[in-house]
Amino acid sequence: MRIVKTIQFDAAHYLSLESDARPYARMHGHSFTMEVEIKGELDAEHGWVADFGDVADALDVIKEALDHRLLNEVEGLEVPTLENICLWAAAKLSPDFPGLKRVSVLRPSNGECCHYDLTD
């Protein structure tokens with residue numbers, strides 16, 4: 001079984017380049033969606049893969065760290081690409097959720113997404 005929980009956050013960032021020829025070299029903001037997927041066997045006692053309340057609590061901590069922030073100033077996100085945001089979130093979540101299988105970060109308004117699939 002796999003369960004999925006999603007959060008949304010708004011944040012600013014910039015990507016350091018040799019010039020500002022690309023618009024993302026200048027500070028700008030996005031609305032992001034983060035989706036985490038946890039795989040596991042059903043717990044016989046509770047009938048779930050993981051307690052959605054525990055997943056929500058962990059994602060609340062992530063949201064607090066990212067929402068309405070300049071991502072470049074978040075420790076570990078000095079280069080805040082979608083790829084690095086996925087890696088950062090996976091590092092935060094994987095100790096508490098050993099069944100974590102995927103972290104996705106989307107920028108729906110741009111039609112952009114990154115999926116980080118964790119290996120077994």
# chains A, B, ... in the order shown; residues from 1 in each chain; ligands from 1
$ residues_around --residues "region 31-42 of chain A" --least-positions-apart "5" --cutoff "6 Å" --atoms "only C-alpha atoms" --output "number ranges by chain"
A: 1-10, 47-49, 99-107
$ write_last_selection --atoms "C-alpha atoms" --output "compact mmCIF listing (two decimals), in the first residue's frame"
# COMPACT_ATOMS: atom_id res chain seq x y z
CA MET A 1 0.00 0.00 0.00
CA ARG A 2 1.04 3.60 -0.54
CA ILE A 3 -0.36 6.68 1.14
CA VAL A 4 0.09 10.26 -0.03
CA LYS A 5 -0.09 13.56 1.86
CA THR A 6 0.18 17.00 0.26
CA ILE A 7 0.99 20.49 1.53
CA GLN A 8 1.19 23.85 -0.17
CA PHE A 9 3.47 26.76 0.59
CA ASP A 10 4.53 30.06 -0.92
CA GLY A 47 -5.24 -0.82 9.68
CA TRP A 48 -2.97 1.84 8.21
CA VAL A 49 0.45 2.24 6.62
CA GLY A 99 8.64 3.71 4.22
CA LEU A 100 9.11 7.10 2.52
CA LYS A 101 9.21 6.33 -1.20
CA ARG A 102 8.73 9.63 -3.00
CA VAL A 103 8.91 13.34 -2.41
CA SER A 104 7.55 15.56 -5.17
CA VAL A 105 7.70 19.33 -5.39
CA LEU A 106 5.51 21.06 -7.96
CA ARG A 107 5.17 24.59 -9.26
$ select_by_dssp --residues "region 21-95 of chain A" --states "strand (DSSP E or B)" --output "list of chain:residue names"
A:His28, A:Gly29, A:His30, A:Ser31, A:Phe32, A:Thr33, A:Met34, A:Glu35, A:Val36, A:Glu37, A:Ile38, A:Lys39, A:Leu70
$ atom_distance --atom1 "CA of Pro80 (chain A)" --atom2 "CA of Leu15 (chain A)"
7.1 Å
$ residues_around --residues "Lys92 (chain A)" --least-positions-apart "2" --cutoff "12 Å" --atoms "only C-alpha atoms" --output "JSON list (two decimals) with N, CA and C atoms, in the first residue's frame"
[["chain", "number", "residue", "atom", "x", "y", "z"],
["A", 36, "VAL", "N", 4.20, 13.85, -0.47],
["A", 36, "VAL", "CA", 5.04, 12.76, 0.02],
["A", 36, "VAL", "C", 4.25, 11.46, -0.05],
["A", 55, "VAL", "N", 2.07, 12.08, 9.87],
["A", 55, "VAL", "CA", 2.58, 12.62, 8.61],
["A", 55, "VAL", "C", 2.26, 14.11, 8.52],
["A", 58, "ALA", "N", 4.60, 16.14, 10.74],
["A", 58, "ALA", "CA", 5.94, 16.27, 10.15],
["A", 58, "ALA", "C", 5.93, 17.28, 9.01],
["A", 59, "LEU", "N", 4.87, 17.25, 8.21],
["A", 59, "LEU", "CA", 4.78, 18.20, 7.10],
["A", 59, "LEU", "C", 4.52, 19.62, 7.59],
["A", 60, "ASP", "N", 3.85, 19.76, 8.72],
["A", 60, "ASP", "CA", 3.67, 21.09, 9.31],
["A", 60, "ASP", "C", 5.02, 21.72, 9.66],
["A", 61, "VAL", "N", 5.94, 20.91, 10.16],
["A", 61, "VAL", "CA", 7.28, 21.41, 10.50],
["A", 61, "VAL", "C", 7.99, 21.88, 9.23],
["A", 62, "ILE", "N", 7.87, 21.10, 8.17],
["A", 62, "ILE", "CA", 8.48, 21.48, 6.89],
["A", 62, "ILE", "C", 7.84, 22.75, 6.36],
["A", 63, "LYS", "N", 6.52, 22.82, 6.41],
["A", 63, "LYS", "CA", 5.84, 24.01, 5.92],
["A", 63, "LYS", "C", 6.27, 25.25, 6.70],
["A", 65, "ALA", "N", 9.07, 25.81, 8.05],
["A", 65, "ALA", "CA", 10.43, 26.17, 7.66],
["A", 65, "ALA", "C", 10.49, 26.83, 6.29],
["A", 75, "GLU", "N", 18.66, 26.83, 5.94],
["A", 75, "GLU", "CA", 19.84, 25.99, 6.02],
["A", 75, "GLU", "C", 19.66, 24.71, 5.20],
["A", 76, "GLY", "N", 20.59, 24.48, 4.29],
["A", 76, "GLY", "CA", 20.52, 23.32, 3.41],
["A", 76, "GLY", "C", 19.86, 23.60, 2.08],
["A", 85, "ILE", "N", 15.05, 20.99, -3.06],
["A", 85, "ILE", "CA", 13.94, 21.03, -2.11],
["A", 85, "ILE", "C", 13.46, 19.60, -1.83],
["A", 86, "CYS", "N", 13.37, 18.77, -2.86],
["A", 86, "CYS", "CA", 13.00, 17.36, -2.67],
["A", 86, "CYS", "C", 13.99, 16.64, -1.76],
["A", 87, "LEU", "N", 15.27, 16.81, -2.03],
["A", 87, "LEU", "CA", 16.30, 16.16, -1.22],
["A", 87, "LEU", "C", 16.25, 16.63, 0.23],
["A", 88, "TRP", "N", 16.07, 17.93, 0.42],
["A", 88, "TRP", "CA", 16.01, 18.53, 1.76],
["A", 88, "TRP", "C", 14.84, 17.94, 2.55],
["A", 89, "ALA", "N", 13.67, 17.90, 1.92],
["A", 89, "ALA", "CA", 12.48, 17.37, 2.60],
["A", 89, "ALA", "C", 12.64, 15.88, 2.90],
["A", 90, "ALA", "N", 13.19, 15.12, 1.97],
["A", 90, "ALA", "CA", 13.38, 13.69, 2.19],
["A", 90, "ALA", "C", 14.31, 13.45, 3.38],
["A", 94, "SER", "N", 12.69, 11.16, 6.26],
["A", 94, "SER", "CA", 13.03, 9.73, 6.23],
["A", 94, "SER", "C", 13.36, 9.13, 7.59],
["A", 95, "PRO", "N", 13.95, 9.86, 8.56],
["A", 95, "PRO", "CA", 14.18, 9.21, 9.86],
["A", 95, "PRO", "C", 12.89, 8.77, 10.56],
["A", 96, "ASP", "N", 11.81, 9.51, 10.40],
["A", 96, "ASP", "CA", 10.56, 9.17, 11.06],
["A", 96, "ASP", "C", 9.65, 8.29, 10.23],
["A", 97, "PHE", "N", 9.92, 8.21, 8.93],
["A", 97, "PHE", "CA", 9.06, 7.44, 8.03],
["A", 97, "PHE", "C", 9.95, 6.55, 7.15],
["A", 98, "PRO", "N", 10.35, 5.40, 7.65],
["A", 98, "PRO", "CA", 11.25, 4.54, 6.88],
["A", 98, "PRO", "C", 10.62, 4.05, 5.57],
["A", 100, "LEU", "N", 9.17, 5.98, 3.46],
["A", 100, "LEU", "CA", 9.11, 7.10, 2.52],
["A", 100, "LEU", "C", 9.64, 6.66, 1.17],
["A", 103, "VAL", "N", 9.20, 11.95, -2.75],
["A", 103, "VAL", "CA", 8.91, 13.34, -2.41],
["A", 103, "VAL", "C", 8.83, 14.08, -3.74]]
$ closest_residue --among "A:His13, A:His115, A:His28, A:Arg22" --to "Val74 (chain A)" --atoms "only C-alpha atoms"
A:His13
$ select_by_dssp --residues "chain A" --states "alpha helix (DSSP H)" --output "PDB file with N, CA and C atoms, in the first residue's frame"
ATOM      1  N   PHE A  52      -1.835   9.241   9.459  1.00  0.00           N
ATOM      2  CA  PHE A  52      -1.856  10.507   8.712  1.00  0.00           C
ATOM      3  C   PHE A  52      -1.633  11.704   9.641  1.00  0.00           C
ATOM      4  N   GLY A  53      -2.024  11.588  10.904  1.00  0.00           N
ATOM      5  CA  GLY A  53      -1.771  12.665  11.857  1.00  0.00           C
ATOM      6  C   GLY A  53      -0.277  12.892  12.062  1.00  0.00           C
ATOM      7  N   ASP A  54       0.490  11.794  12.150  1.00  0.00           N
ATOM      8  CA  ASP A  54       1.943  11.912  12.287  1.00  0.00           C
ATOM      9  C   ASP A  54       2.569  12.503  11.030  1.00  0.00           C
ATOM     10  N   VAL A  55       2.071  12.079   9.870  1.00  0.00           N
ATOM     11  CA  VAL A  55       2.580  12.621   8.606  1.00  0.00           C
ATOM     12  C   VAL A  55       2.261  14.113   8.525  1.00  0.00           C
ATOM     13  N   ALA A  56       1.045  14.491   8.883  1.00  0.00           N
ATOM     14  CA  ALA A  56       0.646  15.905   8.859  1.00  0.00           C
ATOM     15  C   ALA A  56       1.507  16.730   9.808  1.00  0.00           C
ATOM     16  N   ASP A  57       1.795  16.201  10.987  1.00  0.00           N
ATOM     17  CA  ASP A  57       2.638  16.926  11.940  1.00  0.00           C
ATOM     18  C   ASP A  57       4.033  17.159  11.365  1.00  0.00           C
ATOM     19  N   ALA A  58       4.605  16.141  10.745  1.00  0.00           N
ATOM     20  CA  ALA A  58       5.941  16.272  10.151  1.00  0.00           C
ATOM     21  C   ALA A  58       5.930  17.276   9.006  1.00  0.00           C
ATOM     22  N   LEU A  59       4.869  17.255   8.211  1.00  0.00           N
ATOM     23  CA  LEU A  59       4.781  18.203   7.097  1.00  0.00           C
ATOM     24  C   LEU A  59       4.517  19.621   7.590  1.00  0.00           C
ATOM     25  N   ASP A  60       3.851  19.761   8.720  1.00  0.00           N
ATOM     26  CA  ASP A  60       3.667  21.094   9.306  1.00  0.00           C
ATOM     27  C   ASP A  60       5.016  21.723   9.663  1.00  0.00           C
ATOM     28  N   VAL A  61       5.938  20.910  10.164  1.00  0.00           N
ATOM     29  CA  VAL A  61       7.276  21.407  10.496  1.00  0.00           C
ATOM     30  C   VAL A  61       7.993  21.878   9.229  1.00  0.00           C
ATOM     31  N   ILE A  62       7.870  21.097   8.168  1.00  0.00           N
ATOM     32  CA  ILE A  62       8.480  21.480   6.889  1.00  0.00           C
ATOM     33  C   ILE A  62       7.844  22.749   6.359  1.00  0.00           C
ATOM     34  N   LYS A  63       6.524  22.817   6.407  1.00  0.00           N
ATOM     35  CA  LYS A  63       5.837  24.009   5.915  1.00  0.00           C
ATOM     36  C   LYS A  63       6.269  25.246   6.696  1.00  0.00           C
ATOM     37  N   GLU A  64       6.382  25.126   8.002  1.00  0.00           N
ATOM     38  CA  GLU A  64       6.809  26.262   8.828  1.00  0.00           C
ATOM     39  C   GLU A  64       8.202  26.742   8.419  1.00  0.00           C
ATOM     40  N   ALA A  65       9.072  25.809   8.053  1.00  0.00           N
ATOM     41  CA  ALA A  65      10.435  26.167   7.660  1.00  0.00           C
ATOM     42  C   ALA A  65      10.494  26.832   6.291  1.00  0.00           C
ATOM     43  N   LEU A  66       9.506  26.569   5.418  1.00  0.00           N
ATOM     44  CA  LEU A  66       9.569  27.042   4.032  1.00  0.00           C
ATOM     45  C   LEU A  66       8.567  28.140   3.685  1.00  0.00           C
ATOM     46  N   LEU A  82      14.129  22.849  -7.443  1.00  0.00           N
ATOM     47  CA  LEU A  82      13.127  21.836  -7.088  1.00  0.00           C
ATOM     48  C   LEU A  82      13.808  20.556  -6.617  1.00  0.00           C
ATOM     49  N   GLU A  83      14.899  20.198  -7.293  1.00  0.00           N
ATOM     50  CA  GLU A  83      15.619  18.982  -6.935  1.00  0.00           C
ATOM     51  C   GLU A  83      16.139  19.050  -5.491  1.00  0.00           C
ATOM     52  N   ASN A  84      16.733  20.183  -5.128  1.00  0.00           N
ATOM     53  CA  ASN A  84      17.280  20.315  -3.782  1.00  0.00           C
ATOM     54  C   ASN A  84      16.192  20.422  -2.714  1.00  0.00           C
ATOM     55  N   ILE A  85      15.054  20.994  -3.056  1.00  0.00           N
ATOM     56  CA  ILE A  85      13.942  21.030  -2.105  1.00  0.00           C
ATOM     57  C   ILE A  85      13.458  19.598  -1.830  1.00  0.00           C
ATOM     58  N   CYS A  86      13.371  18.766  -2.859  1.00  0.00           N
ATOM     59  CA  CYS A  86      13.000  17.355  -2.668  1.00  0.00           C
ATOM     60  C   CYS A  86      13.989  16.643  -1.758  1.00  0.00           C
ATOM     61  N   LEU A  87      15.274  16.810  -2.028  1.00  0.00           N
ATOM     62  CA  LEU A  87      16.302  16.155  -1.217  1.00  0.00           C
ATOM     63  C   LEU A  87      16.252  16.633   0.231  1.00  0.00           C
ATOM     64  N   TRP A  88      16.074  17.927   0.425  1.00  0.00           N
ATOM     65  CA  TRP A  88      16.013  18.532   1.755  1.00  0.00           C
ATOM     66  C   TRP A  88      14.839  17.941   2.548  1.00  0.00           C
ATOM     67  N   ALA A  89      13.675  17.896   1.921  1.00  0.00           N
ATOM     68  CA  ALA A  89      12.483  17.367   2.597  1.00  0.00           C
ATOM     69  C   ALA A  89      12.638  15.880   2.897  1.00  0.00           C
ATOM     70  N   ALA A  90      13.187  15.125   1.968  1.00  0.00           N
ATOM     71  CA  ALA A  90      13.383  13.690   2.191  1.00  0.00           C
ATOM     72  C   ALA A  90      14.311  13.451   3.377  1.00  0.00           C
ATOM     73  N   ALA A  91      15.348  14.252   3.509  1.00  0.00           N
ATOM     74  CA  ALA A  91      16.270  14.114   4.635  1.00  0.00           C
ATOM     75  C   ALA A  91      15.566  14.396   5.960  1.00  0.00           C
ATOM     76  N   LYS A  92      14.636  15.345   5.956  1.00  0.00           N
ATOM     77  CA  LYS A  92      13.890  15.670   7.172  1.00  0.00           C
ATOM     78  C   LYS A  92      12.889  14.566   7.531  1.00  0.00           C
ATOM     79  N   LEU A  93      12.267  13.958   6.526  1.00  0.00           N
ATOM     80  CA  LEU A  93      11.183  13.000   6.759  1.00  0.00           C
ATOM     81  C   LEU A  93      11.634  11.557   6.934  1.00  0.00           C
TER      82      LEU A  93
END
$ atom_distance --atom1 "CA of His30 (chain A)" --atom2 "CA of Ser109 (chain A)"
8.1 Å
$ residues_around --residues "Leu70 (chain A)" --least-positions-apart "3" --cutoff "7 Å" --atoms "only C-alpha atoms" --output "VMD selection string"
chain A and resid 11 to 13 73
$ atom_distance --atom1 "CA of Leu77 (chain A)" --atom2 "CA of Met27 (chain A)"
14.6 Å
